[in-house]
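Student: What follows is my_file-v1.cif, made up of mmCIF, C-alpha atoms and all ligand atoms:
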```cif
data_data
loop_
_atom_site.label_atom_id
_atom_site.label_comp_id
_atom_site.auth_asym_id
_atom_site.auth_seq_id
_atom_site.Cartn_x
_atom_site.Cartn_y
_atom_site.Cartn_z
CA MET A 994 73.11 117.68 139.31
CA SER A 995 73.98 120.79 137.35
CA SER A 996 71.62 123.76 137.06
CA TYR A 997 72.17 123.97 133.31
CA HIS A 998 71.61 121.70 130.37
CA VAL A 999 74.48 119.49 129.22
CA ASN A 1000 74.09 117.33 126.15
CA GLU A 1001 74.08 113.64 127.18
CA SER A 1002 76.75 112.79 124.60
CA VAL A 1003 79.03 115.52 125.99
CA LYS A 1004 78.61 114.20 129.56
CA THR A 1005 79.82 110.75 128.59
CA CYS A 1006 82.50 111.71 126.06
CA VAL A 1007 85.91 110.37 127.14
CA ARG A 1008 88.85 112.67 126.38
CA VAL A 1009 92.57 112.16 126.94
CA PHE A 1010 94.70 115.26 126.39
CA SER A 1011 98.44 115.21 125.79
CA GLU A 1012 100.57 116.21 128.75
CA GLU A 1013 102.12 119.66 129.09
CA GLY A 1014 105.77 120.55 129.58
CA ARG A 1015 106.90 118.54 126.56
CA SER A 1016 109.37 121.19 125.37
CA ALA A 1017 111.95 119.95 127.91
CA TYR A 1018 112.02 116.53 126.19
CA LEU A 1019 113.01 115.00 122.86
CA ARG A 1020 109.43 114.65 121.55
CA MET A 1021 108.95 111.40 119.68
CA ASP A 1022 105.44 110.61 120.93
CA MET A 1023 103.09 112.61 118.68
CA ASN A 1024 104.54 112.30 115.17
CA GLU A 1025 105.78 115.87 115.13
CA ASN A 1026 109.08 116.83 113.56
CA PRO A 1027 111.29 116.82 116.70
CA GLU A 1028 113.43 119.67 115.32
CA GLY A 1029 111.04 121.74 113.20
CA LEU A 1030 111.57 123.95 110.15
CA PRO A 1031 114.93 125.56 109.26
CA LYS A 1032 115.55 128.47 111.65
CA GLU A 1033 116.38 130.96 108.84
CA PHE A 1034 113.03 130.22 107.17
CA VAL A 1035 111.11 130.69 110.44
CA ASP A 1036 112.97 133.96 111.13
CA SER A 1037 112.25 135.27 107.64
CA VAL A 1038 108.49 134.60 107.98
CA LEU A 1039 108.42 136.12 111.47
CA ARG A 1040 110.02 139.30 110.10
CA GLU A 1041 106.94 139.76 107.89
CA ILE A 1042 104.58 139.81 110.88
CA THR A 1043 103.79 143.41 111.76
CA PRO A 1044 101.40 144.76 114.43
CA GLU A 1045 98.98 145.66 111.60
CA TYR A 1046 99.15 142.15 110.20
CA LEU A 1047 98.24 140.68 113.60
CA ALA A 1048 95.46 143.24 114.05
CA THR A 1049 93.74 142.21 110.81
CA TYR A 1050 91.28 139.31 110.52
CA PRO A 1051 92.70 136.38 108.56
CA GLU A 1052 92.20 136.13 104.78
CA PRO A 1053 92.70 132.50 103.77
CA GLY A 1054 92.44 133.21 100.00
CA HIS A 1055 96.17 133.88 99.42
CA PHE A 1056 97.15 130.61 101.03
CA CYS A 1057 94.34 128.60 99.41
CA ARG A 1058 95.19 129.84 95.89
CA LYS A 1059 98.85 128.90 96.24
CA TYR A 1060 98.07 125.57 97.90
CA ALA A 1061 95.50 124.68 95.22
CA ALA A 1062 97.97 125.57 92.47
CA ARG A 1063 100.62 123.34 94.03
CA LEU A 1064 98.15 120.46 94.33
CA GLY A 1065 96.87 120.96 90.78
CA ILE A 1066 93.26 121.59 91.86
CA LYS A 1067 90.87 124.53 91.66
CA GLU A 1068 90.74 127.11 94.44
CA ASN A 1069 87.12 126.22 95.23
CA GLN A 1070 88.13 122.60 95.82
CA VAL A 1071 90.10 123.40 98.99
CA CYS A 1072 89.40 125.00 102.32
CA ALA A 1073 91.87 125.73 105.10
CA THR A 1074 91.05 124.61 108.65
CA SER A 1075 92.58 125.06 112.06
CA GLY A 1076 94.48 121.74 111.86
CA SER A 1077 92.97 118.66 110.23
CA ASP A 1078 91.44 117.77 113.59
CA THR A 1079 88.98 120.65 113.03
CA ALA A 1080 88.42 119.44 109.48
CA ILE A 1081 87.30 116.05 110.87
CA ARG A 1082 84.89 117.86 113.16
CA TYR A 1083 83.41 119.91 110.29
CA LEU A 1084 82.97 116.80 108.14
CA MET A 1085 81.13 115.11 111.00
CA GLU A 1086 78.94 118.16 111.62
CA ALA A 1087 78.07 118.64 107.96
CA PHE A 1088 77.57 115.09 106.76
CA VAL A 1089 76.50 112.80 109.64
CA GLY A 1090 72.88 112.66 110.81
CA LYS A 1091 71.98 112.21 114.49
CA GLY A 1092 72.39 108.59 115.56
CA ASN A 1093 73.82 107.52 112.20
CA LYS A 1094 77.02 105.55 111.67
CA VAL A 1095 80.64 106.48 111.11
CA VAL A 1096 82.88 103.61 109.93
CA THR A 1097 86.63 103.61 110.57
CA VAL A 1098 89.28 100.95 111.06
CA THR A 1099 90.43 100.36 114.64
CA PRO A 1100 92.83 101.26 116.11
CA THR A 1101 92.99 104.58 114.31
CA PHE A 1102 93.44 108.31 115.03
CA GLU A 1103 91.49 108.86 118.23
CA MET A 1104 89.50 111.96 117.19
CA TYR A 1105 87.21 110.02 114.84
CA ARG A 1106 85.85 108.12 117.87
CA VAL A 1107 85.84 111.23 120.07
CA TYR A 1108 83.70 113.25 117.64
CA CYS A 1109 81.27 110.32 117.30
CA ASN A 1110 80.90 110.28 121.09
CA MET A 1111 80.58 114.06 121.23
CA TYR A 1112 77.81 114.27 118.62
CA GLY A 1113 76.02 111.03 119.53
CA TYR A 1114 76.89 109.13 116.35
CA GLU A 1115 77.42 105.38 116.26
CA HIS A 1116 81.10 104.58 115.74
CA VAL A 1117 81.72 101.29 113.92
CA GLY A 1118 85.37 100.22 114.25
CA VAL A 1119 86.59 97.51 111.86
CA PRO A 1120 89.46 95.78 113.68
CA TYR A 1121 92.97 94.99 112.45
CA GLY A 1122 94.17 91.41 112.95
CA SER A 1123 97.13 90.48 115.17
CA ASP A 1124 99.29 90.56 112.01
CA PHE A 1125 98.38 94.29 111.63
CA GLN A 1126 96.41 93.46 108.47
CA ILE A 1127 92.82 94.30 107.63
CA ALA A 1128 90.53 92.85 104.93
CA THR A 1129 88.85 95.44 102.69
CA GLU A 1130 85.81 93.12 102.56
CA ASP A 1131 85.34 93.72 106.30
CA ILE A 1132 85.32 97.49 105.75
CA LEU A 1133 82.87 97.14 102.85
CA ALA A 1134 80.60 94.89 104.94
CA ALA A 1135 80.47 97.49 107.73
CA ILE A 1136 79.08 100.20 105.40
CA ASP A 1137 75.29 100.19 105.15
CA GLN A 1138 72.35 102.53 104.55
CA ARG A 1139 72.74 104.04 108.04
CA THR A 1140 76.39 104.93 107.37
CA ASP A 1141 76.94 108.64 106.67
CA LEU A 1142 80.73 108.83 106.84
CA VAL A 1143 83.61 106.40 106.27
CA ALA A 1144 87.19 107.35 107.12
CA LEU A 1145 90.27 105.67 105.70
CA LEU A 1146 93.61 106.98 106.90
CA ASN A 1147 96.20 106.49 104.22
CA PRO A 1148 98.45 105.33 105.75
CA ASN A 1149 96.61 104.55 108.97
CA ASN A 1150 97.84 105.82 112.35
CA PRO A 1151 98.92 104.00 114.52
CA ILE A 1152 99.19 100.80 112.44
CA GLY A 1153 98.51 99.53 109.01
CA ARG A 1154 99.77 99.57 105.49
CA ALA A 1155 98.50 102.10 102.98
CA PHE A 1156 95.44 101.14 100.93
CA THR A 1157 95.70 100.33 97.22
CA GLU A 1158 93.77 102.29 94.59
CA ALA A 1159 91.47 99.30 93.95
CA GLU A 1160 90.64 99.12 97.67
CA VAL A 1161 89.96 102.85 97.98
CA ARG A 1162 87.79 102.84 94.85
CA ALA A 1163 85.76 99.89 96.18
CA VAL A 1164 85.15 101.76 99.46
CA ALA A 1165 84.30 105.04 97.64
CA GLU A 1166 81.77 103.20 95.45
CA LYS A 1167 80.13 101.39 98.37
CA ALA A 1168 80.02 104.66 100.36
CA ALA A 1169 78.43 106.47 97.40
CA LYS A 1170 75.84 103.70 97.02
CA CYS A 1171 74.93 104.10 100.71
CA GLY A 1172 74.87 107.91 100.58
CA ALA A 1173 78.04 108.31 102.70
CA VAL A 1174 81.04 110.63 102.45
CA LEU A 1175 84.43 108.90 102.24
CA VAL A 1176 87.19 110.79 104.07
CA ILE A 1177 90.72 109.86 103.01
CA ASP A 1178 92.98 111.24 105.70
CA GLU A 1179 96.41 111.88 104.18
CA ALA A 1180 98.04 113.34 107.31
CA TYR A 1181 101.20 111.36 106.52
CA HIS A 1182 101.44 112.41 102.90
CA TYR A 1183 105.02 113.16 101.77
CA PHE A 1184 106.36 110.45 104.10
CA TYR A 1185 104.09 108.22 102.03
CA PRO A 1186 104.13 109.71 98.52
CA ASN A 1187 100.89 108.39 96.97
CA THR A 1188 97.72 110.50 97.07
CA PHE A 1189 94.09 109.98 96.10
CA ILE A 1190 93.41 113.66 95.30
CA ARG A 1191 92.60 112.64 91.71
CA LEU A 1192 89.46 110.86 92.99
CA ILE A 1193 87.73 114.15 93.90
CA ASP A 1194 86.92 114.81 90.23
CA GLU A 1195 85.41 111.35 89.89
CA PHE A 1196 83.59 110.92 93.22
CA ASP A 1197 81.58 113.83 94.63
CA ASN A 1198 81.47 112.03 98.02
CA VAL A 1199 85.28 111.87 98.52
CA ALA A 1200 87.10 114.35 100.79
CA ILE A 1201 90.87 114.33 101.27
CA LEU A 1202 92.38 115.66 104.50
CA ARG A 1203 95.85 117.15 104.77
CA THR A 1204 97.72 118.58 107.75
CA PHE A 1205 100.65 120.99 108.09
CA SER A 1206 101.53 119.42 111.48
CA LYS A 1207 103.62 116.51 110.23
CA LEU A 1208 106.12 116.97 107.39
CA PHE A 1209 105.51 120.74 107.27
CA SER A 1210 106.42 120.92 110.99
CA LEU A 1211 103.74 123.50 111.95
CA ALA A 1212 101.79 121.55 114.62
CA GLY A 1213 101.87 124.60 116.91
CA CYS A 1214 100.34 126.88 114.27
CA ARG A 1215 97.28 124.66 113.55
CA LEU A 1216 96.84 124.41 109.82
CA GLY A 1217 95.05 121.71 107.84
CA ALA A 1218 92.91 121.44 104.74
CA VAL A 1219 89.97 119.65 103.17
CA ILE A 1220 90.24 118.91 99.45
CA ALA A 1221 87.03 117.86 97.71
CA SER A 1222 84.44 118.78 95.08
CA ALA A 1223 83.39 122.45 95.08
CA GLN A 1224 79.93 121.46 96.35
CA LEU A 1225 81.29 119.50 99.30
CA ILE A 1226 83.65 122.37 100.21
CA GLU A 1227 80.68 124.75 100.02
CA TYR A 1228 78.83 122.66 102.63
CA ILE A 1229 81.90 122.72 104.88
CA ASN A 1230 81.93 126.50 104.55
CA HIS A 1231 78.37 126.45 105.92
CA VAL A 1232 79.54 124.93 109.25
CA ARG A 1233 82.87 126.68 109.77
CA SER A 1234 83.43 129.64 112.04
CA SER A 1235 83.80 133.06 110.45
CA ALA A 1236 87.56 133.56 110.90
CA GLU A 1237 88.65 129.98 111.00
CA VAL A 1238 92.44 129.74 110.56
CA ASN A 1239 94.80 132.13 112.33
CA THR A 1240 96.76 134.59 110.31
CA VAL A 1241 100.21 133.36 111.46
CA ALA A 1242 99.45 129.80 110.34
CA LEU A 1243 98.24 131.08 106.95
CA LEU A 1244 101.42 133.11 106.41
CA PHE A 1245 103.69 130.16 107.27
CA GLY A 1246 101.61 127.90 105.00
CA GLU A 1247 101.82 130.38 102.14
CA ARG A 1248 105.58 130.85 102.48
CA LEU A 1249 106.12 127.08 102.53
CA MET A 1250 104.29 126.95 99.20
CA ASP A 1251 106.73 129.62 97.92
CA HIS A 1252 109.70 127.45 98.94
CA PRO A 1253 109.26 123.90 97.65
CA GLU A 1254 112.98 123.29 98.20
CA ILE A 1255 112.30 123.31 101.97
CA ILE A 1256 109.71 120.59 101.50
CA ASP A 1257 112.22 118.46 99.57
CA GLU A 1258 114.80 119.02 102.29
CA LEU A 1259 112.36 117.96 105.04
CA ILE A 1260 111.52 114.77 103.13
CA ALA A 1261 115.20 113.93 102.60
CA THR A 1262 116.09 114.61 106.26
CA GLU A 1263 113.36 112.31 107.60
CA LYS A 1264 114.23 109.57 105.09
CA GLU A 1265 117.88 109.64 106.10
CA GLY A 1266 116.95 109.51 109.79
CA ARG A 1267 114.54 106.65 109.27
CA ARG A 1268 117.09 104.65 107.22
CA TYR A 1269 119.66 105.17 109.96
CA LEU A 1270 117.23 104.11 112.71
CA ILE A 1271 116.22 100.96 110.84
CA SER A 1272 119.85 99.97 110.27
CA GLU A 1273 120.58 100.45 113.98
CA LEU A 1274 117.51 98.43 115.03
CA GLU A 1275 118.60 95.61 112.73
CA ARG A 1276 122.15 95.79 114.06
CA TYR A 1277 120.85 95.26 117.61
CA GLY A 1278 118.34 92.55 116.61
CA TYR A 1279 115.09 94.45 117.25
CA THR A 1280 111.75 93.53 115.71
CA TYR A 1281 110.16 96.63 114.23
CA TYR A 1282 107.29 97.57 111.95
CA ASN A 1283 108.15 100.28 109.51
CA GLN A 1284 104.85 102.02 108.87
CA ASP A 1285 104.33 104.35 105.92
CA GLY A 1286 104.14 107.55 108.03
CA ASN A 1287 106.82 109.33 110.08
CA PHE A 1288 106.64 106.71 112.83
CA LEU A 1289 107.81 103.21 113.60
CA PHE A 1290 106.79 100.42 115.99
CA ILE A 1291 109.57 98.72 117.95
CA GLU A 1292 109.24 95.69 120.21
CA PRO A 1293 111.58 96.29 123.17
CA LYS A 1294 113.18 93.38 125.02
CA ASN A 1295 111.68 94.68 128.30
CA ASP A 1296 108.13 95.73 129.15
CA ALA A 1297 107.15 98.58 126.78
CA ALA A 1298 105.60 100.79 129.49
CA GLU A 1299 108.69 100.34 131.70
CA VAL A 1300 111.03 101.28 128.83
CA ALA A 1301 108.89 104.36 128.09
CA LYS A 1302 109.10 105.39 131.76
CA ARG A 1303 112.89 105.03 131.80
CA LEU A 1304 113.25 106.94 128.53
CA LYS A 1305 111.19 109.77 129.95
CA GLU A 1306 112.61 109.96 133.46
CA GLU A 1307 116.25 109.09 132.83
CA HIS A 1308 116.82 110.30 129.25
CA LYS A 1309 114.23 113.05 128.67
CA VAL A 1310 112.79 111.23 125.65
CA LEU A 1311 109.02 110.95 125.10
CA ILE A 1312 107.63 107.99 123.15
CA LYS A 1313 104.13 106.50 122.76
CA THR A 1314 102.82 103.29 124.32
CA TYR A 1315 99.37 101.71 124.11
CA GLY A 1316 96.94 100.00 126.50
CA ASN A 1317 95.31 98.21 123.53
CA PRO A 1318 96.31 94.47 123.79
CA LEU A 1319 97.20 94.41 120.06
CA LEU A 1320 99.85 97.10 120.60
CA SER A 1321 100.84 96.87 124.27
CA ARG A 1322 104.15 95.04 123.49
CA PHE A 1323 105.35 97.91 121.32
CA ILE A 1324 106.63 101.44 121.59
CA ARG A 1325 105.82 103.86 118.78
CA ILE A 1326 108.36 106.52 117.99
CA SER A 1327 108.20 109.44 115.56
CA THR A 1328 111.00 109.47 113.03
CA GLY A 1329 113.10 112.55 112.30
CA SER A 1330 116.62 113.60 111.44
CA LYS A 1331 119.62 111.29 111.86
CA THR A 1332 120.72 113.46 114.81
CA ALA A 1333 117.36 112.96 116.57
CA MET A 1334 117.35 109.25 115.75
CA SER A 1335 120.84 108.71 117.08
CA ARG A 1336 119.94 110.52 120.30
CA PHE A 1337 116.92 108.25 120.66
CA MET A 1338 118.89 105.08 119.86
CA GLU A 1339 121.59 105.88 122.40
CA ALA A 1340 118.95 106.38 125.13
CA PHE A 1341 116.87 103.38 124.03
CA LEU A 1342 119.78 100.93 124.21
CA ILE A 1343 120.38 101.93 127.84
CA ALA A 1344 116.66 102.05 128.78
CA ASP A 1345 116.07 98.59 127.27
CA GLN A 1346 119.03 96.80 128.79
CA ALA A 1347 118.10 93.20 129.70
C1 LIG B 1401 95.76 110.54 110.83
C2 LIG B 1401 95.70 111.85 111.51
N1 LIG B 1401 94.77 112.74 111.11
C3 LIG B 1401 94.69 113.94 111.68
C4 LIG B 1401 95.56 114.31 112.69
C5 LIG B 1401 95.38 115.68 113.31
O1 LIG B 1401 96.40 116.52 112.93
P1 LIG B 1401 96.28 118.12 113.11
O2 LIG B 1401 95.01 118.42 113.80
O3 LIG B 1401 97.48 118.51 113.88
O4 LIG B 1401 96.28 118.67 111.71
C6 LIG B 1401 96.54 113.41 113.13
C7 LIG B 1401 97.46 113.78 114.23
O5 LIG B 1401 98.25 113.04 114.73
C8 LIG B 1401 96.61 112.14 112.52
O6 LIG B 1401 97.50 111.22 112.92
#
```
Represent the structure from my file as structure tokens, please.

Tutor:
Amino acid sequence: MSSYHVNESVKTCVRVFSEEGRSAYLRMDMNENPEGLPKEFVDSVLREITPEYLATYPEPGHFCRKYAARLGIKENQVCATSGSDTAIRYLMEAFVGKGNKVVTVTPTFEMYRVYCNMYGYEHVGVPYGSDFQIATEDILAAIDQRTDLVALLNPNNPIGRAFTEAEVRAVAEKAAKCGAVLVIDEAYHYFYPNTFIRLIDEFDNVAILRTFSKLFSLAGCRLGAVIASAQLIEYINHVRSSAEVNTVALLFGERLMDHPEIIDELIATEKEGRRYLISELERYGYTYYNQDGNFLFIEPKNDAAEVAKRLKEEHKVLIKTYGNPLLSRFIRISTGSKTAMSRFMEAFLIADQA
């Protein structure tokens, strides 16, 4: 018994945090860029950081203006957050009533369930079939008058194809009819080129999420964004903390906007690495699922958890495995440059020897 109050939902909230000490490994377990941004670019941004700059509270306006211009939206239709994880939290705080429902597919990015547990919302997970497919009708059927938020990840993480425009529109319309916000999480944008940003002018209940942790290779800085109608962004501003995004993250984000050629280079590097990995997997007769993000599911010949253990202990390579029966046969690996992929493949072929 504690001598202080703890919210019931906080007591029972189950959290699993990623392990520490990952820098000693080839990190292919969390969909980061294993190698990061070009060193010269990082050095040039770091040279701009003075003691005075660090001593000053962050001003997100510079970044937001440039980001909005690049996306072709108005400045008041975007707000920067400390990673898109925080954006999910703000959306839940602002738009879900106590005890009401949040609909997502399942499996999906873990934090949607975690925030539901934390705030005492009812999480409704619409399951994928064993063929990794999901029927939009099932998602539509799960949305009712008690639903306050629906989240579609496009593409989903860890499994699932991207949704079509007709599917997303059907979900946005049903959500609007039920008074719910539709979150379209585009964390894997750029690996998957389509976007539904255009829907924010048509649907005032649609919010798009973006992260700078994946293609932009800034997971350590914590930078994300919500893109939505000015009114919806205004409500998010009501729940955010006063100095939300750190000043280093904002500077890196702004400079990336100044250098679109780096973005093109990052896209090309990942594409080349992924193509190489797929050709190698086919050469060695592996079954794989090529998802639309910067990750891939591979079915090893040996037990997936055993292969992951060998990769970690004997080859210093981290990959992701799942307890979920739908996914327990597979390993998920983040894709990156051809150099990173060939290092993985070399280790994998040894770790998965029959
Ligand atoms: C679909 C999805 N959304 C959001 C996030 C959170 O990203 P971050 O908080 O680093 O911006 C992730 C991270 O893996 C993700 O896969």

Student: Please identify the residues whose atoms come within 10 Å of ligand LIG 1401 (chain B), using all atoms listed in the file, and report them as a ChimeraX atom specification.

Tutor: /A:1022-1025,1074-1081,1101-1105,1144-1151,1177-1182,1202-1207,1210-1218,1286-1287

Student: Could you check the closest approach to Ile1042 (chain A) for each of A:Ile1291, A:Thr1240, A:Glu1299, A:Glu1275 and tell me which residue wins, using all atoms listed in the file?

Tutor: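 Result for the nearest residue to Ile1042 (chain A): A:Thr1240.
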
Student: Extending 5 Å beyond the listed atoms of region 1161-1176 of chain A on each side, what axis-aligned box results? I want centre and edge lengths in Å to one decimal, as AutoDock Vina command-line options.

Tutor:
```
--center_x 82.4 --center_y 105.3 --center_z 99.5 --size_x 25.1 --size_y 20.9 --size_z 19.2
```

Student: With all atoms listed in the file counted, which protein, DNA or RNA residues have an atom no more than 12 Å from (103.5, 107.2, 119.7) in the file frame? Please answer as a count of residues only.

Tutor: 35

Student: Within 12 Å of (108.5, 135.3, 110.1) in the file's own coordinates, which protein, DNA or RNA residues have an atom, counting all atoms listed in the file? List them as an mmCIF file with C-alpha atoms, keeping the file's coordinate frame.

Tutor:
```
data_model
loop_
_atom_site.group_PDB
_atom_site.id
_atom_site.type_symbol
_atom_site.label_atom_id
_atom_site.label_comp_id
_atom_site.auth_asym_id
_atom_site.auth_seq_id
_atom_site.Cartn_x
_atom_site.Cartn_y
_atom_site.Cartn_z
ATOM 1 C CA LEU A 1030 111.570 123.950 110.150
ATOM 2 C CA PRO A 1031 114.930 125.560 109.260
ATOM 3 C CA LYS A 1032 115.550 128.470 111.650
ATOM 4 C CA GLU A 1033 116.380 130.960 108.840
ATOM 5 C CA PHE A 1034 113.030 130.220 107.170
ATOM 6 C CA VAL A 1035 111.110 130.690 110.440
ATOM 7 C CA ASP A 1036 112.970 133.960 111.130
ATOM 8 C CA SER A 1037 112.250 135.270 107.640
ATOM 9 C CA VAL A 1038 108.490 134.600 107.980
ATOM 10 C CA LEU A 1039 108.420 136.120 111.470
ATOM 11 C CA ARG A 1040 110.020 139.300 110.100
ATOM 12 C CA GLU A 1041 106.940 139.760 107.890
ATOM 13 C CA ILE A 1042 104.580 139.810 110.880
ATOM 14 C CA THR A 1043 103.790 143.410 111.760
ATOM 15 C CA TYR A 1046 99.150 142.150 110.200
ATOM 16 C CA THR A 1240 96.760 134.590 110.310
ATOM 17 C CA VAL A 1241 100.210 133.360 111.460
ATOM 18 C CA ALA A 1242 99.450 129.800 110.340
ATOM 19 C CA LEU A 1243 98.240 131.080 106.950
ATOM 20 C CA LEU A 1244 101.420 133.110 106.410
ATOM 21 C CA PHE A 1245 103.690 130.160 107.270
ATOM 22 C CA GLY A 1246 101.610 127.900 105.000
ATOM 23 C CA GLU A 1247 101.820 130.380 102.140
ATOM 24 C CA ARG A 1248 105.580 130.850 102.480
ATOM 25 C CA LEU A 1249 106.120 127.080 102.530
#
```

Student: Tell me which of A:Asp1197, A:Asp1131, A:Glu1307, A:Asp1124 sits closest to Val1096 (chain A), counting all atoms listed in the file.

Tutor: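 Result for the nearest residue to Val1096 (chain A): A:Asp1131.
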
Student: Find the residues around Tyr1279 (chain A) up to 9 Å (only C-alpha atoms counted), leave out those fewer than 3 positions away in its own chain, and share them as a PyMOL selection string.

Tutor: chain A and resi 1273-1276+1291-1294

Student: Considering all atoms listed in the file, can you say which of A:Glu1052, A:Asp1194, A:Glu1012, A:Glu1263 comes closest to Ala1333 (chain A)?

Tutor: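 Closest to Ala1333 (chain A) of all the choices is A:Glu1263.
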
Student: If you measure from CA of Ser1234 (chain A) to CA of Gly1054 (chain A), what distance in Å do you get, rounded to one decimal?

Tutor: 15.5 Å
